[in-house]
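Raw model.cif, mmCIF, C-alpha atoms and all ligand atoms:
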```
data_protein
#
loop_
_atom_site.label_atom_id
_atom_site.label_comp_id
_atom_site.auth_asym_id
_atom_site.auth_seq_id
_atom_site.Cartn_x
_atom_site.Cartn_y
_atom_site.Cartn_z
CA MET M 76 -7.21 22.72 11.00
CA THR M 77 -5.50 19.48 10.17
CA ALA M 78 -7.45 16.37 11.03
CA LYS M 79 -4.49 14.07 10.62
CA LYS M 80 -4.68 10.74 12.34
CA LYS M 81 -1.96 10.02 14.85
CA LYS M 82 -0.99 6.71 13.34
CA ILE M 83 1.20 6.77 10.26
CA TYR M 84 1.16 3.90 7.75
CA LEU M 85 4.57 2.93 6.40
CA GLY M 86 5.30 -0.04 4.23
CA THR M 87 7.16 -1.50 1.32
CA ASN M 88 6.48 -3.87 -1.53
CA THR M 89 9.74 -5.63 -2.39
CA LYS M 90 8.43 -6.52 -5.89
CA MET M 91 10.49 -9.31 -7.51
CA TYR M 92 13.78 -8.39 -5.87
CA LYS M 93 14.30 -10.38 -2.67
CA THR M 94 14.83 -14.13 -2.19
CA ILE M 95 13.61 -15.90 0.94
CA ALA M 96 16.97 -15.42 2.67
CA GLN M 97 17.14 -11.75 1.69
CA THR M 98 13.58 -11.17 2.86
CA VAL M 99 14.25 -12.77 6.24
CA ASP M 100 17.38 -10.68 6.72
CA PHE M 101 15.50 -7.53 5.76
CA VAL M 102 12.46 -8.12 7.94
CA THR M 103 14.54 -9.24 10.92
CA ASP M 104 16.80 -6.21 10.66
CA LEU M 105 13.84 -3.86 10.20
CA CYS M 106 12.13 -5.22 13.33
CA ARG M 107 15.32 -4.94 15.38
CA ARG M 108 15.84 -1.38 14.26
CA THR M 109 12.27 -0.22 14.89
CA GLN M 110 11.12 -2.27 17.87
CA ASP M 111 11.30 0.70 20.23
CA ILE M 112 8.76 2.65 18.17
CA SER M 113 5.22 2.43 19.47
CA ARG M 114 2.93 0.65 17.03
CA GLU M 115 0.17 2.91 18.32
CA SER M 116 1.85 5.62 16.31
CA MET M 117 2.98 3.55 13.33
CA GLU M 118 1.56 0.69 11.25
CA LEU M 119 4.55 -1.00 9.62
CA PHE M 120 4.10 -3.51 6.80
CA VAL M 121 6.21 -5.47 4.35
CA ILE M 122 4.94 -7.12 1.17
CA PRO M 123 7.43 -9.72 -0.07
CA SER M 124 7.31 -12.32 -2.84
CA PHE M 125 4.99 -15.31 -2.36
CA THR M 126 7.83 -17.76 -1.70
CA ALA M 127 9.13 -15.60 1.16
CA LEU M 128 5.79 -15.01 2.91
CA GLU M 129 5.94 -17.83 5.42
CA ALA M 130 9.56 -17.19 6.38
CA ALA M 131 8.88 -13.47 6.66
CA ARG M 132 5.91 -14.11 8.92
CA LYS M 133 7.94 -16.40 11.17
CA SER M 134 10.88 -14.02 11.44
CA ALA M 135 8.86 -11.00 12.55
CA PRO M 136 6.29 -10.67 15.32
CA GLU M 137 2.84 -9.67 14.09
CA SER M 138 2.90 -6.93 16.73
CA LEU M 139 5.79 -5.23 14.93
CA VAL M 140 5.09 -5.76 11.25
CA LYS M 141 2.15 -6.87 9.15
CA ILE M 142 2.98 -9.10 6.21
CA GLY M 143 1.18 -8.71 2.91
CA ALA M 144 0.99 -10.51 -0.44
CA GLN M 145 1.64 -8.74 -3.73
CA ASN M 146 -1.34 -10.33 -5.47
CA MET M 147 -4.05 -12.95 -5.01
CA GLY M 148 -6.40 -15.03 -7.13
CA TRP M 149 -10.08 -14.10 -6.80
CA VAL M 150 -11.54 -17.48 -5.89
CA ALA M 151 -10.70 -19.91 -3.12
CA GLU M 152 -9.80 -22.76 -5.47
CA GLY M 153 -10.14 -23.80 -9.06
CA PRO M 154 -8.42 -24.22 -12.42
CA TYR M 155 -6.26 -21.09 -12.19
CA THR M 156 -2.73 -22.22 -13.00
CA GLY M 157 -0.16 -19.88 -11.51
CA GLU M 158 -2.55 -18.11 -9.14
CA ILE M 159 -2.45 -18.14 -5.34
CA SER M 160 -5.62 -18.76 -3.36
CA PRO M 161 -6.77 -16.66 -0.39
CA LEU M 162 -6.80 -19.89 1.64
CA MET M 163 -3.11 -20.37 0.89
CA LEU M 164 -2.37 -16.83 2.01
CA GLN M 165 -4.36 -17.33 5.21
CA GLU M 166 -2.34 -20.47 5.85
CA VAL M 167 0.92 -18.51 5.96
CA GLY M 168 -0.38 -15.66 8.13
CA VAL M 169 -0.80 -12.93 5.55
CA LYS M 170 -2.84 -9.92 6.72
CA ILE M 171 -2.73 -7.55 3.73
CA VAL M 172 -3.34 -8.24 0.06
CA GLU M 173 -1.99 -5.66 -2.37
CA ILE M 174 -4.32 -5.32 -5.34
CA GLY M 175 -3.84 -3.48 -8.61
CA HIS M 176 -0.27 -2.25 -8.30
CA SER M 177 0.59 -0.29 -11.42
CA GLU M 178 2.85 -3.10 -12.64
CA ARG M 179 -0.07 -5.53 -12.38
CA ARG M 180 -2.28 -3.13 -14.30
CA HIS M 181 0.14 -1.89 -16.93
CA VAL M 182 2.63 -4.74 -17.41
CA LEU M 183 0.37 -7.70 -16.64
CA MET M 184 -2.75 -6.04 -18.06
CA GLU M 185 -5.10 -6.42 -15.12
CA THR M 186 -8.37 -4.52 -15.39
CA ASP M 187 -10.52 -2.71 -12.85
CA GLU M 188 -12.97 -5.62 -13.08
CA MET M 189 -10.22 -8.05 -12.06
CA GLU M 190 -9.11 -5.80 -9.21
CA ASN M 191 -12.71 -5.63 -8.04
CA LYS M 192 -13.01 -9.42 -7.87
CA LYS M 193 -9.80 -9.55 -5.87
CA VAL M 194 -10.96 -6.81 -3.48
CA LEU M 195 -14.23 -8.66 -2.82
CA CYS M 196 -12.43 -11.97 -2.38
CA ALA M 197 -9.87 -10.40 -0.02
CA LEU M 198 -12.67 -8.92 2.09
CA ASP M 199 -14.52 -12.24 2.16
CA HIS M 200 -11.41 -13.92 3.52
CA GLY M 201 -10.64 -11.36 6.21
CA PHE M 202 -7.67 -9.62 4.58
CA ILE M 203 -6.98 -5.90 4.39
CA PRO M 204 -7.19 -5.09 0.68
CA LEU M 205 -4.58 -2.49 -0.23
CA LEU M 206 -6.00 -1.19 -3.50
CA CYS M 207 -3.49 0.75 -5.60
CA ILE M 208 -4.71 3.40 -8.01
CA GLY M 209 -3.13 6.13 -10.08
CA GLU M 210 -3.13 7.80 -13.46
CA THR M 211 -0.54 7.49 -16.24
CA ALA M 212 1.50 10.45 -17.47
CA ALA M 213 -0.62 10.67 -20.62
CA GLN M 214 -3.83 10.72 -18.59
CA LYS M 215 -2.40 13.44 -16.34
CA ASP M 216 -1.33 15.49 -19.37
CA ARG M 217 -4.84 15.23 -20.79
CA GLY M 218 -6.27 16.49 -17.50
CA GLU M 219 -7.95 13.15 -16.77
CA SER M 220 -6.37 12.35 -13.40
CA GLN M 221 -9.50 12.86 -11.32
CA ALA M 222 -11.69 10.96 -13.75
CA VAL M 223 -9.24 8.04 -13.80
CA LEU M 224 -9.13 7.87 -10.00
CA CYS M 225 -12.91 8.00 -9.91
CA THR M 226 -13.25 5.12 -12.37
CA GLN M 227 -10.61 3.02 -10.64
CA LEU M 228 -12.35 3.48 -7.28
CA GLN M 229 -15.91 3.07 -8.52
CA LYS M 230 -15.11 -0.05 -10.51
CA GLY M 231 -12.51 -1.46 -8.14
CA LEU M 232 -14.85 -1.09 -5.17
CA THR M 233 -18.11 -2.17 -6.81
CA SER M 234 -20.34 -4.08 -4.34
CA VAL M 235 -18.09 -3.25 -1.38
CA THR M 236 -20.33 -2.25 1.53
CA ALA M 237 -19.66 0.67 3.86
CA GLN M 238 -19.04 -1.85 6.62
CA GLN M 239 -16.47 -3.73 4.55
CA ALA M 240 -14.83 -0.47 3.49
CA GLN M 241 -13.73 0.02 7.08
CA THR M 242 -10.95 -2.50 6.48
CA LEU M 243 -9.78 -1.04 3.17
CA TRP M 244 -6.49 0.73 2.60
CA ILE M 245 -5.85 2.75 -0.56
CA ALA M 246 -2.50 3.66 -2.12
CA TYR M 247 -2.32 6.53 -4.58
CA GLU M 248 0.60 5.71 -6.82
CA PRO M 249 0.71 7.74 -10.02
CA VAL M 250 2.24 5.56 -12.72
CA TRP M 251 4.62 8.34 -13.79
CA ALA M 252 6.05 8.54 -10.28
CA ILE M 253 6.97 4.88 -9.83
CA GLY M 254 10.34 3.24 -10.29
CA ALA M 255 13.78 4.22 -11.55
CA THR M 256 12.41 6.50 -14.26
CA GLY M 257 9.69 7.95 -12.06
CA ILE M 258 9.37 11.57 -11.00
CA PRO M 259 7.96 11.85 -7.48
CA ALA M 260 4.74 13.78 -7.12
CA THR M 261 5.11 17.05 -5.26
CA LYS M 262 3.47 17.09 -1.86
CA GLU M 263 1.00 19.66 -3.16
CA TYR M 264 -0.06 17.50 -6.10
CA ALA M 265 -0.18 14.30 -4.04
CA SER M 266 -2.21 16.04 -1.36
CA SER M 267 -4.69 17.39 -3.91
CA MET M 268 -5.19 13.92 -5.40
CA HIS M 269 -5.64 12.42 -1.94
CA LYS M 270 -8.34 15.01 -1.33
CA VAL M 271 -10.05 13.90 -4.54
CA ILE M 272 -9.80 10.27 -3.45
CA ARG M 273 -11.26 11.06 -0.04
CA GLY M 274 -14.13 12.82 -1.77
CA ILE M 275 -14.87 9.83 -4.01
CA LEU M 276 -14.72 7.49 -1.01
CA THR M 277 -17.11 9.81 0.82
CA ASP M 278 -19.57 9.56 -2.06
CA LEU M 279 -19.25 5.77 -2.02
CA PHE M 280 -19.29 5.03 1.71
CA GLY M 281 -20.22 8.19 3.62
CA ALA M 282 -17.95 10.65 5.39
CA ALA M 283 -17.43 8.71 8.61
CA VAL M 284 -16.17 5.59 6.84
CA ALA M 285 -14.19 7.51 4.23
CA GLN M 286 -12.35 9.49 6.92
CA GLY M 287 -11.13 6.27 8.48
CA ILE M 288 -9.68 4.70 5.31
CA PRO M 289 -5.89 5.09 5.29
CA LEU M 290 -4.68 6.81 2.10
CA LEU M 291 -1.02 6.18 1.35
CA TYR M 292 1.15 7.89 -1.21
CA GLY M 293 3.66 5.88 -3.26
CA GLY M 294 6.02 6.62 -6.12
CA SER M 295 9.71 7.55 -5.72
CA VAL M 296 9.45 8.37 -2.03
CA HIS M 297 12.98 8.98 -0.75
CA ASN M 298 14.84 10.43 2.21
CA GLU M 299 14.42 14.02 1.05
CA ASN M 300 10.73 14.07 0.15
CA ALA M 301 9.33 11.64 2.74
CA VAL M 302 8.73 14.19 5.50
CA GLY M 303 6.94 16.67 3.26
CA LEU M 304 4.74 14.05 1.67
CA SER M 305 3.90 12.32 4.94
CA ARG M 306 2.87 15.57 6.63
CA ALA M 307 0.84 16.84 3.70
CA LYS M 308 -2.87 17.18 4.29
CA HIS M 309 -4.95 14.12 3.39
CA ILE M 310 -1.90 11.78 3.33
CA ASP M 311 -1.93 9.06 6.00
CA GLY M 312 1.23 7.21 5.11
CA LEU M 313 3.83 6.20 2.57
CA PHE M 314 4.12 3.11 0.40
CA ILE M 315 7.77 2.93 -0.55
CA GLY M 316 9.73 0.86 -3.06
CA ARG M 317 13.45 1.27 -3.68
CA SER M 318 14.24 3.60 -0.78
CA ALA M 319 12.87 1.10 1.74
CA TRP M 320 14.58 -2.07 0.56
CA ASN M 321 17.61 -1.42 2.74
CA ALA M 322 16.51 -1.69 6.38
CA GLU M 323 18.96 0.95 7.57
CA ASN M 324 17.64 3.48 5.09
CA PHE M 325 14.03 2.54 5.72
CA GLU M 326 14.65 3.12 9.43
CA LYS M 327 15.98 6.61 8.64
CA ILE M 328 12.83 7.43 6.68
CA ILE M 329 10.61 5.95 9.37
CA ARG M 330 12.20 8.02 12.14
CA SER M 331 12.09 11.16 10.04
CA VAL M 332 8.35 10.94 9.43
CA LEU M 333 7.12 9.74 12.82
CA PRO M 334 4.65 11.98 14.60
CA GLN M 335 6.86 14.17 16.77
CA ASP M 336 5.68 13.05 20.17
CA THR M 337 6.52 9.39 19.49
CA GLY M 338 9.54 7.23 18.84
CA THR M 339 12.87 7.75 20.53
P1 LIG X 401 9.34 3.27 -5.87
O1 LIG X 401 8.19 2.17 -5.97
O2 LIG X 401 9.30 3.87 -4.50
O3 LIG X 401 10.61 2.48 -6.10
O4 LIG X 401 9.10 4.28 -6.94
C1 LIG X 401 6.91 2.47 -5.50
C2 LIG X 401 5.95 1.36 -5.81
O5 LIG X 401 6.04 0.73 -6.87
O6 LIG X 401 5.05 1.10 -5.00
#
```

Render the structure in this file as structure tokens.
Amino acid sequence: MTAKKKKIYLGTNTKMYKTIAQTVDFVTDLCRRTQDISRESMELFVIPSFTALEAARKSAPESLVKIGAQNMGWVAEGPYTGEISPLMLQEVGVKIVEIGHSERRHVLMETDEMENKKVLCALDHGFIPLLCIGETAAQKDRGESQAVLCTQLQKGLTSVTAQQAQTLWIAYEPVWAIGATGIPATKEYASSMHKVIRGILTDLFGAAVAQGIPLLYGGSVHNENAVGLSRAKHIDGLFIGRSAWNAENFEKIIRSVLPQDTGT
């Protein structure tokens, strides 16, 4: 018996690719193209660059798309040159804070301890923390995938209470699946890792809370694999990069994966 939730979570992180003007065009077009789709059946979100956050927020109704930030400092203010405070993100209407994307971990050398501070700070300031986790190819080859996910969740969610965990979202994004050189996970593999993640979350927060935490898959999602991945057991949504950065193509993916009794 599948216990899939009705609502599907679909979003994109535009990384360091879109200017303010490009972000506004993208978000405006995406809203126009998807406004007929019930948001009871779909949670749509876009995570642009910091400079584009305010314009993105103003160009799209909150009822159609949630706006997220790609990163956040872990204190409200202080001597942290180059960081962005949660208060600054609140000021521009951000709802989601993406934490621990693979590029933050592996290019910018963030640690699980840093991600944990950001998760706690995001929760304290009323954001949805979207914690990204995933193993590298070498870790997978050594058979360490489950252990890596366990460590990333245990450390990344240290001191998070079961009550707070009700606002968490998690993205499983294996490092080897992301980007132009990535190989997408099969739906079977992604589903099995999501099951592992759900099990770890159950140990941390109890079954009732863990069941309610949206688990999104990301890493080379495209028009051909989106339906299979989105319908796989234990997967609640898709976190998409390149294939979503054109609103027309993102709309195609969105309509293809919608629960069948919704949309047009
Ligand atoms: P991709 O990016 O879909 O372009 O592989 C995914 C991500 O980095 O979240």

Completion exercise
Counting all atoms listed in the file, closest pick from M:Arg132, M:Arg108, M:Lys193, M:His181 relative to ligand LIG 401 (chain X) is M:His181

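Among the candidates M:Glu152, M:Asp216, M:Glu118, M:Asp100, the residue lying nearest to Leu85 of chain M is M:Glu118 (atoms considered: all atoms listed in the file).
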
Problem - Distance query Val140 of chain M at most 10 Å, all atoms listed in the file, self and fewer than 2 positions along chain excluded, as a list of chain:residue names - result: M:Leu85, M:Gly86, M:Val102, M:Leu105, M:Cys106, M:Thr109, M:Gln110, M:Arg114, M:Met117, M:Glu118, M:Leu119, M:Phe120, M:Val121, M:Ala131, M:Arg132, M:Ala135, M:Pro136, M:Glu137, M:Ser138, M:Ile142, M:Gly143

Problem - Test item: residues lying within 6 Å of ligand LIG 401 (chain X) with all atoms listed in the file, as a ChimeraX atom specification - result: /M:253-254,293-296,314-317

Practice task
Find the residues around Arg179 of chain M up to 12 Å (all atoms listed in the file counted), leave out those fewer than 6 positions away in its own chain, and share them as a VMD selection string.
Solution key: chain M and resid 90 145 to 147 173 185 to 187 189 to 190 206 to 208 250

Handout entry: Selection near segment 321-332 of chain M, 6 Å with all atoms listed in the file, sequence-local residues under 4 positions removed, as a list in words
Key =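 What passes the distance filter is Phe101, Leu105, Asn298 and Val302 of chain M.
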
Exercise for the section: Please measure the separation of atom CA of Gln286 of chain M and atom CA of Gly218 of chain M, giving the value in Å to one decimal. Expected result: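 Computing it gives 26.1 Å between the two atoms.
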
Handout entry: Shell of 10 Å around segment 223-235 of chain M, all atoms listed in the file, local chain residues under 2 positions omitted, as number ranges by chain
Key = M: 174-175, 186-195, 198, 206-211, 214-215, 218-221, 237-240, 243, 245, 247, 249, 268-269, 271-272, 274-276, 278-280

Write to file, as a short mmCIF file (atom, residue, chain, number, x, y, z; two decimals), in the coordinates of the input, the residues of the selection just made, with C-alpha atoms.
```
data_model
loop_
_atom_site.label_atom_id
_atom_site.label_comp_id
_atom_site.auth_asym_id
_atom_site.auth_seq_id
_atom_site.Cartn_x
_atom_site.Cartn_y
_atom_site.Cartn_z
CA ILE M 174 -4.32 -5.32 -5.34
CA GLY M 175 -3.84 -3.48 -8.61
CA THR M 186 -8.37 -4.52 -15.39
CA ASP M 187 -10.52 -2.71 -12.85
CA GLU M 188 -12.97 -5.62 -13.08
CA MET M 189 -10.22 -8.05 -12.06
CA GLU M 190 -9.11 -5.80 -9.21
CA ASN M 191 -12.71 -5.63 -8.04
CA LYS M 192 -13.01 -9.42 -7.87
CA LYS M 193 -9.80 -9.55 -5.87
CA VAL M 194 -10.96 -6.81 -3.48
CA LEU M 195 -14.23 -8.66 -2.82
CA LEU M 198 -12.67 -8.92 2.09
CA LEU M 206 -6.00 -1.19 -3.50
CA CYS M 207 -3.49 0.75 -5.60
CA ILE M 208 -4.71 3.40 -8.01
CA GLY M 209 -3.13 6.13 -10.08
CA GLU M 210 -3.13 7.80 -13.46
CA THR M 211 -0.54 7.49 -16.24
CA GLN M 214 -3.83 10.72 -18.59
CA LYS M 215 -2.40 13.44 -16.34
CA GLY M 218 -6.27 16.49 -17.50
CA GLU M 219 -7.95 13.15 -16.77
CA SER M 220 -6.37 12.35 -13.40
CA GLN M 221 -9.50 12.86 -11.32
CA ALA M 237 -19.66 0.67 3.86
CA GLN M 238 -19.04 -1.85 6.62
CA GLN M 239 -16.47 -3.73 4.55
CA ALA M 240 -14.83 -0.47 3.49
CA LEU M 243 -9.78 -1.04 3.17
CA ILE M 245 -5.85 2.75 -0.56
CA TYR M 247 -2.32 6.53 -4.58
CA PRO M 249 0.71 7.74 -10.02
CA MET M 268 -5.19 13.92 -5.40
CA HIS M 269 -5.64 12.42 -1.94
CA VAL M 271 -10.05 13.90 -4.54
CA ILE M 272 -9.80 10.27 -3.45
CA GLY M 274 -14.13 12.82 -1.77
CA ILE M 275 -14.87 9.83 -4.01
CA LEU M 276 -14.72 7.49 -1.01
CA ASP M 278 -19.57 9.56 -2.06
CA LEU M 279 -19.25 5.77 -2.02
CA PHE M 280 -19.29 5.03 1.71
#
```

Practice task
Go ahead and compute the interatomic distance for atom CA of Gly312 of chain M and atom CA of Ala96 of chain M, in Å to one decimal.
Solution key: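 Computing the Euclidean distance for atom CA of Gly312 of chain M and atom CA of Ala96 of chain M yields 27.7 Å.
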
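Comparing M:Leu139, M:Ala265, M:Ile288, M:Ala151 by their smallest distance to Arg306 of chain M, the closest is M:Ala265 (using only C-alpha atoms).
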
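The shortest atom-to-atom distance to Lys81 of chain M, with only C-alpha atoms taken into account, belongs to M:Ser305 out of M:Ser266, M:Gln165, M:Thr98, M:Ser305.
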
Exercise for the section: One decimal, Å: what's the distance from atom CA of Tyr264 of chain M over to atom CA of Thr277 of chain M, could you say? Expected result: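 Taking atom CA of Tyr264 of chain M as the start and atom CA of Thr277 of chain M as the end point, the length is 19.9 Å.
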
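Once all atoms listed in the file are considered, the residues situated within 12 Å of the file point (-7.9, -21.5, -1.1) turn out to be Met147, Gly148, Trp149, Val150, Ala151, Glu152, Gly153, Pro154, Tyr155, Glu158, Ile159, Ser160, Pro161, Leu162, Met163, Leu164, Gln165, Glu166, Val167, Cys196, Ala197, Asp199 and His200 of chain M.
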
Could you dump the residues just selected with C-alpha atoms as a CSV table (one decimal), keeping the file's coordinate frame?
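Saved file selection-v2.csv follows:
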```
chain,number,residue,atom,x,y,z
M,147,MET,CA,-4.0,-13.0,-5.0
M,148,GLY,CA,-6.4,-15.0,-7.1
M,149,TRP,CA,-10.1,-14.1,-6.8
M,150,VAL,CA,-11.5,-17.5,-5.9
M,151,ALA,CA,-10.7,-19.9,-3.1
M,152,GLU,CA,-9.8,-22.8,-5.5
M,153,GLY,CA,-10.1,-23.8,-9.1
M,154,PRO,CA,-8.4,-24.2,-12.4
M,155,TYR,CA,-6.3,-21.1,-12.2
M,158,GLU,CA,-2.6,-18.1,-9.1
M,159,ILE,CA,-2.4,-18.1,-5.3
M,160,SER,CA,-5.6,-18.8,-3.4
M,161,PRO,CA,-6.8,-16.7,-0.4
M,162,LEU,CA,-6.8,-19.9,1.6
M,163,MET,CA,-3.1,-20.4,0.9
M,164,LEU,CA,-2.4,-16.8,2.0
M,165,GLN,CA,-4.4,-17.3,5.2
M,166,GLU,CA,-2.3,-20.5,5.8
M,167,VAL,CA,0.9,-18.5,6.0
M,196,CYS,CA,-12.4,-12.0,-2.4
M,197,ALA,CA,-9.9,-10.4,0.0
M,199,ASP,CA,-14.5,-12.2,2.2
M,200,HIS,CA,-11.4,-13.9,3.5
```

Problem - For Tyr84 of chain M, the nearest of the candidates M:Val284, M:Arg217, M:Ser134, M:Leu313, counting all atoms listed in the file - result: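 Smallest distance to Tyr84 of chain M is found for M:Leu313.
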
Exercise for the section: Counting only C-alpha atoms, figure out which residue out of M:Asp311, M:Glu263, M:Glu248, M:Glu299 gets nearest to Ala212 of chain M. Expected result: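 Checking each candidate against Ala212 of chain M, we get M:Glu248 as the closest.
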
Write a file for segment 125-138 of chain M of the given structure; include N, CA, C and O atoms and format it as a PDB file, in the first residue's frame.
```pdb
ATOM      1  N   PHE M 125      20.826  35.735  -3.699  1.00  0.00           N
ATOM      2  CA  PHE M 125      20.442  36.725  -2.682  1.00  0.00           C
ATOM      3  C   PHE M 125      19.947  38.038  -3.297  1.00  0.00           C
ATOM      4  O   PHE M 125      18.952  38.597  -2.864  1.00  0.00           O
ATOM      5  N   THR M 126      20.692  38.533  -4.292  1.00  0.00           N
ATOM      6  CA  THR M 126      20.350  39.852  -4.847  1.00  0.00           C
ATOM      7  C   THR M 126      18.973  39.863  -5.498  1.00  0.00           C
ATOM      8  O   THR M 126      18.363  40.917  -5.642  1.00  0.00           O
ATOM      9  N   ALA M 127      18.496  38.696  -5.914  1.00  0.00           N
ATOM     10  CA  ALA M 127      17.217  38.627  -6.630  1.00  0.00           C
ATOM     11  C   ALA M 127      16.042  38.281  -5.711  1.00  0.00           C
ATOM     12  O   ALA M 127      14.899  38.211  -6.165  1.00  0.00           O
ATOM     13  N   LEU M 128      16.313  38.081  -4.417  1.00  0.00           N
ATOM     14  CA  LEU M 128      15.245  37.587  -3.532  1.00  0.00           C
ATOM     15  C   LEU M 128      14.068  38.551  -3.444  1.00  0.00           C
ATOM     16  O   LEU M 128      12.908  38.153  -3.569  1.00  0.00           O
ATOM     17  N   GLU M 129      14.376  39.819  -3.215  1.00  0.00           N
ATOM     18  CA  GLU M 129      13.282  40.775  -3.004  1.00  0.00           C
ATOM     19  C   GLU M 129      12.444  40.916  -4.275  1.00  0.00           C
ATOM     20  O   GLU M 129      11.205  40.888  -4.229  1.00  0.00           O
ATOM     21  N   ALA M 130      13.113  41.041  -5.405  1.00  0.00           N
ATOM     22  CA  ALA M 130      12.382  41.197  -6.668  1.00  0.00           C
ATOM     23  C   ALA M 130      11.573  39.938  -6.973  1.00  0.00           C
ATOM     24  O   ALA M 130      10.440  40.019  -7.469  1.00  0.00           O
ATOM     25  N   ALA M 131      12.145  38.799  -6.667  1.00  0.00           N
ATOM     26  CA  ALA M 131      11.423  37.535  -6.907  1.00  0.00           C
ATOM     27  C   ALA M 131      10.163  37.496  -6.050  1.00  0.00           C
ATOM     28  O   ALA M 131       9.077  37.140  -6.514  1.00  0.00           O
ATOM     29  N   ARG M 132      10.326  37.864  -4.779  1.00  0.00           N
ATOM     30  CA  ARG M 132       9.175  37.858  -3.865  1.00  0.00           C
ATOM     31  C   ARG M 132       8.054  38.774  -4.376  1.00  0.00           C
ATOM     32  O   ARG M 132       6.877  38.421  -4.369  1.00  0.00           O
ATOM     33  N   LYS M 133       8.469  39.961  -4.848  1.00  0.00           N
ATOM     34  CA  LYS M 133       7.468  40.938  -5.291  1.00  0.00           C
ATOM     35  C   LYS M 133       6.816  40.542  -6.612  1.00  0.00           C
ATOM     36  O   LYS M 133       5.720  40.986  -6.913  1.00  0.00           O
ATOM     37  N   SER M 134       7.481  39.730  -7.390  1.00  0.00           N
ATOM     38  CA  SER M 134       6.911  39.414  -8.709  1.00  0.00           C
ATOM     39  C   SER M 134       6.066  38.134  -8.685  1.00  0.00           C
ATOM     40  O   SER M 134       5.501  37.759  -9.701  1.00  0.00           O
ATOM     41  N   ALA M 135       5.976  37.494  -7.538  1.00  0.00           N
ATOM     42  CA  ALA M 135       5.193  36.255  -7.485  1.00  0.00           C
ATOM     43  C   ALA M 135       4.389  36.194  -6.200  1.00  0.00           C
ATOM     44  O   ALA M 135       4.945  36.358  -5.123  1.00  0.00           O
ATOM     45  N   PRO M 136       3.080  35.949  -6.299  1.00  0.00           N
ATOM     46  CA  PRO M 136       2.289  35.841  -5.068  1.00  0.00           C
ATOM     47  C   PRO M 136       2.752  34.653  -4.224  1.00  0.00           C
ATOM     48  O   PRO M 136       3.026  33.571  -4.759  1.00  0.00           O
ATOM     49  N   GLU M 137       2.800  34.903  -2.931  1.00  0.00           N
ATOM     50  CA  GLU M 137       3.169  33.843  -1.965  1.00  0.00           C
ATOM     51  C   GLU M 137       2.272  32.613  -2.134  1.00  0.00           C
ATOM     52  O   GLU M 137       2.692  31.475  -1.913  1.00  0.00           O
ATOM     53  N   SER M 138       1.022  32.858  -2.537  1.00  0.00           N
ATOM     54  CA  SER M 138       0.086  31.730  -2.676  1.00  0.00           C
ATOM     55  C   SER M 138       0.474  30.805  -3.834  1.00  0.00           C
ATOM     56  O   SER M 138       0.018  29.663  -3.888  1.00  0.00           O
TER      57      SER M 138
END
```
